[in-house]
Amino acid sequence: RVSSRLRALAQHASSHRRRVVLVTGAAGFVGFHTALQLHAEGDAVVGLDNFNSYYDVRLKRLRAALLHRAGMRTLVEGDVCDAELLRTILREGRVSHVIHLAAQAGVRYSLKKPLAYVEANVRCFVTLLEAVHAVNNSVPIAYASSSSVYGLNTLVPFSETHRVDQQASLYGATKKSNENIAHVYHHLHKLKLTGLRFFTVYGPIGRPDMAYFGFTQERTLHAPRSPPPFALHAPHLRLMPSQAILAGRRITEFRKDNGDELQRDFTYISDIVDGVIAASRLAAPLEIFNLGNTRPEKVSTLVKCIEAGLGRKANSTRAPITAGDVPLTFADVSHARKLLRYEPKVTLEAGIRRFLLWYSDYYQVDLARDFMPSRKEAHELKV
Ligand code: NAD
């Protein structure tokens with residue numbers, strides 16, 4: 001069945017002179033938004049995701065349902081480490097471009113489950129490069145790296161020209177190894193590979209393991225109410241997180257040893273998607289780009305934005321920075337500006353507002369009165 005769908009997609013794409021783009025991790029946060037945008041731009045998109053249970057799988061199923069509703073009918077449930085499946089997709093789908101976003105993400109989890117990172121981020125990456133090399137060596141691959149490759153570097157803003165050899169987590173080390181492996185496959189086989197160092201991506205239908213999502217959940221009580229007019233039309237897939245866990249739990253703000261706050265270059269999802277798609281279209285021989293917002297913000301600023309939206313004060317406690325975390329991330333994006341025409345557009349306030357509008361709709365949570373969306377915003381939020 002997968003083969004016949006892929007052949008139909010390839011046929012359709014070739015008769016309409018469209019690209020066929022394989023997006024791995026398409027049920028993930030960045031993959032979902034990227035696939036949706038590519039589909040909207042007219043590319044034929046094949047998704048691949050193993051729907052792992054690193055976080056609530058219902059969120060991944062929701063993204064898959066939304067892609068399906070948007071008209072994207074080829075989301076394959078499978079593993080990037082499955083070499084045979086990859087070769088089938090590349091061959092039968094006549095894939096012209098790959099965007100590789102599947103990975104085991106998260107810095108803290110890499111302390112608990114180190115081998116999951118070696119498997120998903122290293123073994124699967126090599127499996128993908130081998131498959132592309134075997135089926136069609138000219139297919140360019142844009143892959144997700146991460147700001148975590150900068151690790152303990154103190155020279156800011158972080159530039160691609162900086163030497164990066166001080167990762168602070170295994171997650172960061174696997175992402176750096178992707179860049180090294182990319183270099184080897186380009187050198188040996190002339191594969192076209194572009195690494196994209198994302199800086200703390202956030203937005204609607206995001207990842208519940210990340211701070212902005214966790215802070216919001218911990219400050220909300222989930223009183224059901226009738227869905228507002230801009231509700232996503234997938235009520236059977238609505239998440240109902242445990243009220244017991246969420247009600248009144250304290251949020252923890254991690255600090256440096258000297259008490260200073262951590263800072264992150266929070267980057268809104270639509271800016272990241274623009275950068276990813278531009279990189280995929282450029283199809284450079286071998287490149288690395290930072291994709292960030294260029295404005296590091298204190299975590300307390302993030303908390304203030306969320307408080308404003310929820311109309312509630314956070315009940316914060318402080319804790320020392322955890323192992324693997326770094327004090328600051330700060331992107332220099334001049335390289336991406338020049339070659340990708342990348343320009344981050346969304347401020348933290350505007351991005352968190354959009355996240356909260358989605359969140360309140362989805363989880364049916366009331367926001368502060370002056371936070372209600374304009375008609376235009378409500379329309380744009382319909383995925
Ligand atoms: P995500 O966890 O939401 O998405 C990753 C998806 O890949 C998931 O849906 C998961 O099920 C899938 N997956 C994992 N292993 C797989 C495998 N072996 N085969 C098939 N599918 C598999 O994470 P995200 O935030 O969307 O991240 C996308 C990429 O961007 C990842 O490579 C991540 O490391 C990188 N990144 C993300 C951020 C961020 O802030 N979100 C920052 C830096 C880098």
# chains A, B, ... in the order shown; residues from 1 in each chain; ligands from 1
call {"tool": "residues_around", "arguments": {"residues": "Gly172 in chain A", "least_positions_apart": "2", "cutoff": "8 Å", "atoms": "only C-alpha atoms", "output": "PyMOL selection string"}}
result
chain A and resi 107+146-151+167-170+174-176
call {"tool": "residues_near_ligand", "arguments": {"ligand": "ligand 1", "cutoff": "8 Å", "atoms": "only C-alpha atoms and all ligand atoms", "output": "PyMOL selection string"}}
result
chain A and resi 24-32+48-55+60+77-81+100-106+119-121+124+143-148+171+175+197-202+206-207+210+267
call {"tool": "write_last_selection", "arguments": {"atoms": "N, CA and C atoms", "output": "short mmCIF file (atom, residue, chain, number, x, y, z; two decimals), in the first residue's frame"}}
result
data_model
loop_
_atom_site.label_atom_id
_atom_site.label_comp_id
_atom_site.auth_asym_id
_atom_site.auth_seq_id
_atom_site.Cartn_x
_atom_site.Cartn_y
_atom_site.Cartn_z
N THR A 24 11.49 13.62 7.44
CA THR A 24 11.51 12.66 8.55
C THR A 24 11.13 13.41 9.83
N GLY A 25 10.46 12.71 10.74
CA GLY A 25 9.99 13.38 11.97
C GLY A 25 8.79 14.27 11.70
N ALA A 26 7.98 13.90 10.68
CA ALA A 26 6.87 14.77 10.26
C ALA A 26 5.74 14.85 11.28
N ALA A 27 5.70 13.91 12.23
CA ALA A 27 4.68 14.02 13.29
C ALA A 27 5.23 14.76 14.50
N GLY A 28 6.49 15.18 14.39
CA GLY A 28 7.10 15.97 15.47
C GLY A 28 6.75 17.44 15.29
N PHE A 29 7.21 18.25 16.24
CA PHE A 29 6.85 19.66 16.26
C PHE A 29 7.34 20.40 15.01
N VAL A 30 8.66 20.39 14.78
CA VAL A 30 9.21 21.14 13.64
C VAL A 30 8.82 20.45 12.33
N GLY A 31 8.83 19.12 12.33
CA GLY A 31 8.49 18.37 11.11
C GLY A 31 7.07 18.64 10.65
N PHE A 32 6.15 18.68 11.60
CA PHE A 32 4.74 18.94 11.27
C PHE A 32 4.60 20.31 10.60
N LEU A 48 7.74 10.71 7.33
CA LEU A 48 8.13 9.45 7.96
C LEU A 48 8.32 9.74 9.45
N ASP A 49 7.68 8.94 10.29
CA ASP A 49 7.81 9.14 11.74
C ASP A 49 7.49 7.82 12.43
N ASN A 50 8.21 7.53 13.52
CA ASN A 50 7.91 6.29 14.24
C ASN A 50 6.98 6.52 15.43
N PHE A 51 6.48 7.73 15.59
CA PHE A 51 5.51 8.05 16.66
C PHE A 51 6.00 7.53 18.01
N ASN A 52 7.25 7.81 18.33
CA ASN A 52 7.76 7.28 19.60
C ASN A 52 7.10 7.99 20.78
N SER A 53 7.29 7.40 21.97
CA SER A 53 6.54 7.89 23.13
C SER A 53 7.39 8.78 24.05
N TYR A 54 8.35 9.49 23.48
CA TYR A 54 9.17 10.41 24.28
C TYR A 54 8.27 11.45 24.99
N TYR A 55 7.26 11.92 24.27
CA TYR A 55 6.20 12.71 24.93
C TYR A 55 4.86 12.27 24.37
N LYS A 60 1.25 13.80 18.65
CA LYS A 60 1.78 13.41 17.33
C LYS A 60 0.65 12.94 16.41
N GLU A 77 4.29 5.47 8.79
CA GLU A 77 4.70 5.19 10.17
C GLU A 77 5.83 4.18 10.11
N GLY A 78 7.02 4.60 10.44
CA GLY A 78 8.18 3.70 10.35
C GLY A 78 9.41 4.38 10.89
N ASP A 79 10.51 3.64 10.87
CA ASP A 79 11.72 4.11 11.55
C ASP A 79 12.80 4.50 10.54
N VAL A 80 13.48 5.58 10.83
CA VAL A 80 14.57 6.02 9.94
C VAL A 80 15.72 5.02 9.96
N CYS A 81 15.81 4.22 11.01
CA CYS A 81 16.86 3.19 11.03
C CYS A 81 16.51 1.98 10.16
N HIS A 100 15.61 16.19 7.09
CA HIS A 100 15.72 15.18 8.15
C HIS A 100 15.57 15.86 9.53
N LEU A 101 14.39 15.64 10.13
CA LEU A 101 14.11 16.27 11.42
C LEU A 101 13.84 15.24 12.51
N ALA A 102 13.78 13.97 12.14
CA ALA A 102 13.57 12.92 13.16
C ALA A 102 14.80 12.83 14.03
N ALA A 103 14.60 12.78 15.32
CA ALA A 103 15.73 12.63 16.25
C ALA A 103 15.18 12.40 17.64
N GLN A 104 16.08 12.00 18.52
CA GLN A 104 15.75 12.03 19.94
C GLN A 104 16.20 13.40 20.42
N ALA A 105 15.22 14.26 20.72
CA ALA A 105 15.53 15.62 21.15
C ALA A 105 15.58 15.68 22.68
N GLY A 106 15.97 16.84 23.20
CA GLY A 106 15.94 17.07 24.66
C GLY A 106 17.29 16.84 25.31
N GLU A 119 21.21 5.80 19.05
CA GLU A 119 20.37 5.08 18.08
C GLU A 119 19.69 6.07 17.11
N ALA A 120 18.91 6.99 17.67
CA ALA A 120 18.08 7.85 16.81
C ALA A 120 18.91 8.91 16.09
N ASN A 121 19.93 9.42 16.75
CA ASN A 121 20.63 10.58 16.17
C ASN A 121 21.88 10.21 15.38
N CYS A 124 20.59 6.19 12.96
CA CYS A 124 19.56 6.49 11.94
C CYS A 124 20.10 7.50 10.91
N TYR A 143 19.41 18.78 7.31
CA TYR A 143 19.18 18.03 8.55
C TYR A 143 19.27 18.96 9.75
N ALA A 144 18.54 18.58 10.82
CA ALA A 144 18.52 19.39 12.03
C ALA A 144 19.77 19.13 12.85
N SER A 145 20.52 20.20 13.09
CA SER A 145 21.55 20.15 14.12
C SER A 145 20.96 20.92 15.30
N SER A 146 21.76 21.59 16.09
CA SER A 146 21.20 22.26 17.27
C SER A 146 22.18 23.29 17.82
N SER A 147 21.63 24.30 18.50
CA SER A 147 22.49 25.27 19.20
C SER A 147 23.31 24.56 20.28
N SER A 148 22.89 23.36 20.69
CA SER A 148 23.65 22.66 21.75
C SER A 148 25.05 22.26 21.30
N TYR A 171 23.31 14.85 24.00
CA TYR A 171 22.45 15.33 22.90
C TYR A 171 23.28 16.23 21.97
N LYS A 175 24.55 15.70 17.97
CA LYS A 175 24.27 16.66 16.90
C LYS A 175 25.57 17.11 16.24
N ARG A 197 21.41 24.59 12.65
CA ARG A 197 21.50 24.66 14.12
C ARG A 197 20.34 25.49 14.64
N PHE A 198 19.28 24.80 15.07
CA PHE A 198 18.09 25.49 15.59
C PHE A 198 18.37 25.97 17.02
N PHE A 199 17.81 27.14 17.35
CA PHE A 199 17.92 27.69 18.70
C PHE A 199 16.53 27.67 19.35
N THR A 200 16.37 26.90 20.42
CA THR A 200 15.14 26.81 21.25
C THR A 200 13.86 27.22 20.51
N VAL A 201 13.31 26.25 19.79
CA VAL A 201 12.14 26.53 18.95
C VAL A 201 10.86 26.38 19.78
N TYR A 202 9.91 27.30 19.61
CA TYR A 202 8.67 27.22 20.37
C TYR A 202 7.51 27.65 19.47
N GLY A 206 3.48 22.62 20.10
CA GLY A 206 4.90 22.40 20.37
C GLY A 206 5.15 21.18 21.24
N ARG A 207 6.34 21.19 21.85
CA ARG A 207 6.75 20.01 22.62
C ARG A 207 6.49 20.21 24.10
N MET A 210 9.29 20.99 26.76
CA MET A 210 10.06 22.24 26.78
C MET A 210 9.48 23.24 27.77
N THR A 267 13.24 30.95 19.49
CA THR A 267 12.96 31.21 18.07
C THR A 267 11.59 30.64 17.70
#
call {"tool": "select_by_dssp", "arguments": {"residues": "range 57-302 of chain A", "states": "strand (DSSP E)", "output": "number ranges by chain"}}
result
A: 75-77, 97-100, 141-146, 193-198, 201-202, 251-255, 263-264, 267-268, 286-291, 297-298
call {"tool": "atom_distance", "arguments": {"atom1": "CA of Leu310 in chain A", "atom2": "CA of Val57 in chain A"}}
result
25.7 Å
call {"tool": "residues_around", "arguments": {"residues": "Leu191 in chain A", "least_positions_apart": "2", "cutoff": "9 Å", "atoms": "only C-alpha atoms", "output": "PyMOL selection string"}}
result
chain A and resi 129+132-133+137-141+182+185-189+193+285-286
call {"tool": "write_last_selection", "arguments": {"atoms": "N, CA and C atoms", "output": "short mmCIF file (atom, residue, chain, number, x, y, z; two decimals), in the first residue's frame"}}
result
data_model
loop_
_atom_site.label_atom_id
_atom_site.label_comp_id
_atom_site.auth_asym_id
_atom_site.auth_seq_id
_atom_site.Cartn_x
_atom_site.Cartn_y
_atom_site.Cartn_z
N LEU A 129 21.88 8.47 5.26
CA LEU A 129 22.89 8.89 4.27
C LEU A 129 23.25 7.72 3.35
N VAL A 132 20.38 7.27 0.83
CA VAL A 132 20.39 8.30 -0.23
C VAL A 132 21.55 8.02 -1.19
N HIS A 133 22.69 7.66 -0.62
CA HIS A 133 23.85 7.35 -1.46
C HIS A 133 23.54 6.17 -2.39
N ASN A 137 22.30 9.65 -5.29
CA ASN A 137 23.33 10.44 -4.60
C ASN A 137 23.14 11.95 -4.75
N SER A 138 22.33 12.35 -5.74
CA SER A 138 22.22 13.80 -5.98
C SER A 138 21.11 14.45 -5.15
N VAL A 139 20.39 13.65 -4.36
CA VAL A 139 19.30 14.21 -3.54
C VAL A 139 19.89 15.00 -2.36
N PRO A 140 19.61 16.30 -2.29
CA PRO A 140 20.18 17.08 -1.17
C PRO A 140 19.45 16.82 0.14
N ILE A 141 20.20 16.85 1.22
CA ILE A 141 19.62 16.59 2.55
C ILE A 141 19.87 17.81 3.43
N ALA A 182 28.34 14.32 8.23
CA ALA A 182 27.96 15.01 6.98
C ALA A 182 29.22 15.37 6.19
N TYR A 185 30.58 12.19 4.50
CA TYR A 185 29.80 11.71 3.35
C TYR A 185 29.90 12.67 2.16
N HIS A 186 30.10 13.93 2.44
CA HIS A 186 30.31 14.86 1.33
C HIS A 186 31.69 14.62 0.72
N HIS A 187 32.65 14.47 1.58
CA HIS A 187 34.03 14.26 1.14
C HIS A 187 34.17 12.95 0.34
N LEU A 188 33.56 11.87 0.86
CA LEU A 188 33.71 10.56 0.21
C LEU A 188 32.80 10.39 -1.00
N HIS A 189 31.54 10.84 -0.84
CA HIS A 189 30.54 10.48 -1.86
C HIS A 189 29.90 11.69 -2.55
N LEU A 193 24.81 18.14 1.78
CA LEU A 193 24.30 18.12 3.16
C LEU A 193 24.35 19.50 3.81
N PRO A 285 26.22 22.33 -1.49
CA PRO A 285 27.03 21.10 -1.41
C PRO A 285 27.30 20.67 0.03
N LEU A 286 27.75 21.61 0.88
CA LEU A 286 28.03 21.28 2.29
C LEU A 286 27.98 22.59 3.07
#
call {"tool": "closest_residue", "arguments": {"among": "A:Ile99, A:Leu282, A:Val273, A:Val23", "to": "Ala142 in chain A", "atoms": "only C-alpha atoms"}}
result
A:Ile99
call {"tool": "closest_residue", "arguments": {"among": "A:Gly275, A:Pro344, A:Gly71, A:Pro320", "to": "Ile288 in chain A", "atoms": "only C-alpha atoms"}}
result
A:Gly275
call {"tool": "atom_distance", "arguments": {"atom1": "CA of Val45 in chain A", "atom2": "CA of Glu287 in chain A"}}
result
23.2 Å
call {"tool": "atom_distance", "arguments": {"atom1": "CA of Asp325 in chain A", "atom2": "CA of Asp265 in chain A"}}
result
13.9 Å
call {"tool": "select_by_dssp", "arguments": {"residues": "range 124-209 of chain A", "states": "alpha helix (DSSP H)", "output": "PyMOL selection string"}}
result
chain A and resi 124-135+170-189
call {"tool": "closest_residue", "arguments": {"among": "A:Ile352, A:Leu357, A:Leu291, A:Cys305", "to": "Ser334 in chain A", "atoms": "only C-alpha atoms"}}
result
A:Leu291
call {"tool": "residues_around", "arguments": {"residues": "Ser3 in chain A", "least_positions_apart": "6", "cutoff": "12 Å", "atoms": "only C-alpha atoms", "output": "list in words"}}
result
Leu9, Ala10, Val46, Thr74, Val76, Leu85, Leu86, Arg87, Thr88, Ile89, Leu90, Arg91, Glu92, Gly93 and Arg94 of chain A
call {"tool": "write_last_selection", "arguments": {"atoms": "C-alpha atoms", "output": "CSV table (one decimal), in the first residue's frame"}}
result
chain,number,residue,atom,x,y,z
A,9,LEU,CA,2.5,10.8,-5.4
A,10,ALA,CA,5.6,10.6,-7.6
A,46,VAL,CA,6.2,12.2,2.1
A,74,THR,CA,1.6,10.1,2.6
A,76,VAL,CA,4.5,6.6,6.7
A,85,LEU,CA,11.9,1.2,4.2
A,86,LEU,CA,14.0,4.2,3.4
A,87,ARG,CA,15.2,2.8,0.1
A,88,THR,CA,11.6,2.0,-0.8
A,89,ILE,CA,10.5,5.5,0.0
A,90,LEU,CA,13.3,7.2,-1.9
A,91,ARG,CA,13.0,4.9,-4.9
A,92,GLU,CA,9.2,4.5,-5.3
A,93,GLY,CA,8.5,8.1,-4.3
A,94,ARG,CA,11.2,9.5,-6.6
call {"tool": "residues_around", "arguments": {"residues": "Ala279 in chain A", "least_positions_apart": "2", "cutoff": "9 Å", "atoms": "only C-alpha atoms", "output": "PyMOL selection string"}}
result
chain A and resi 142+194-196+274-277+281-284+289+336+339-340
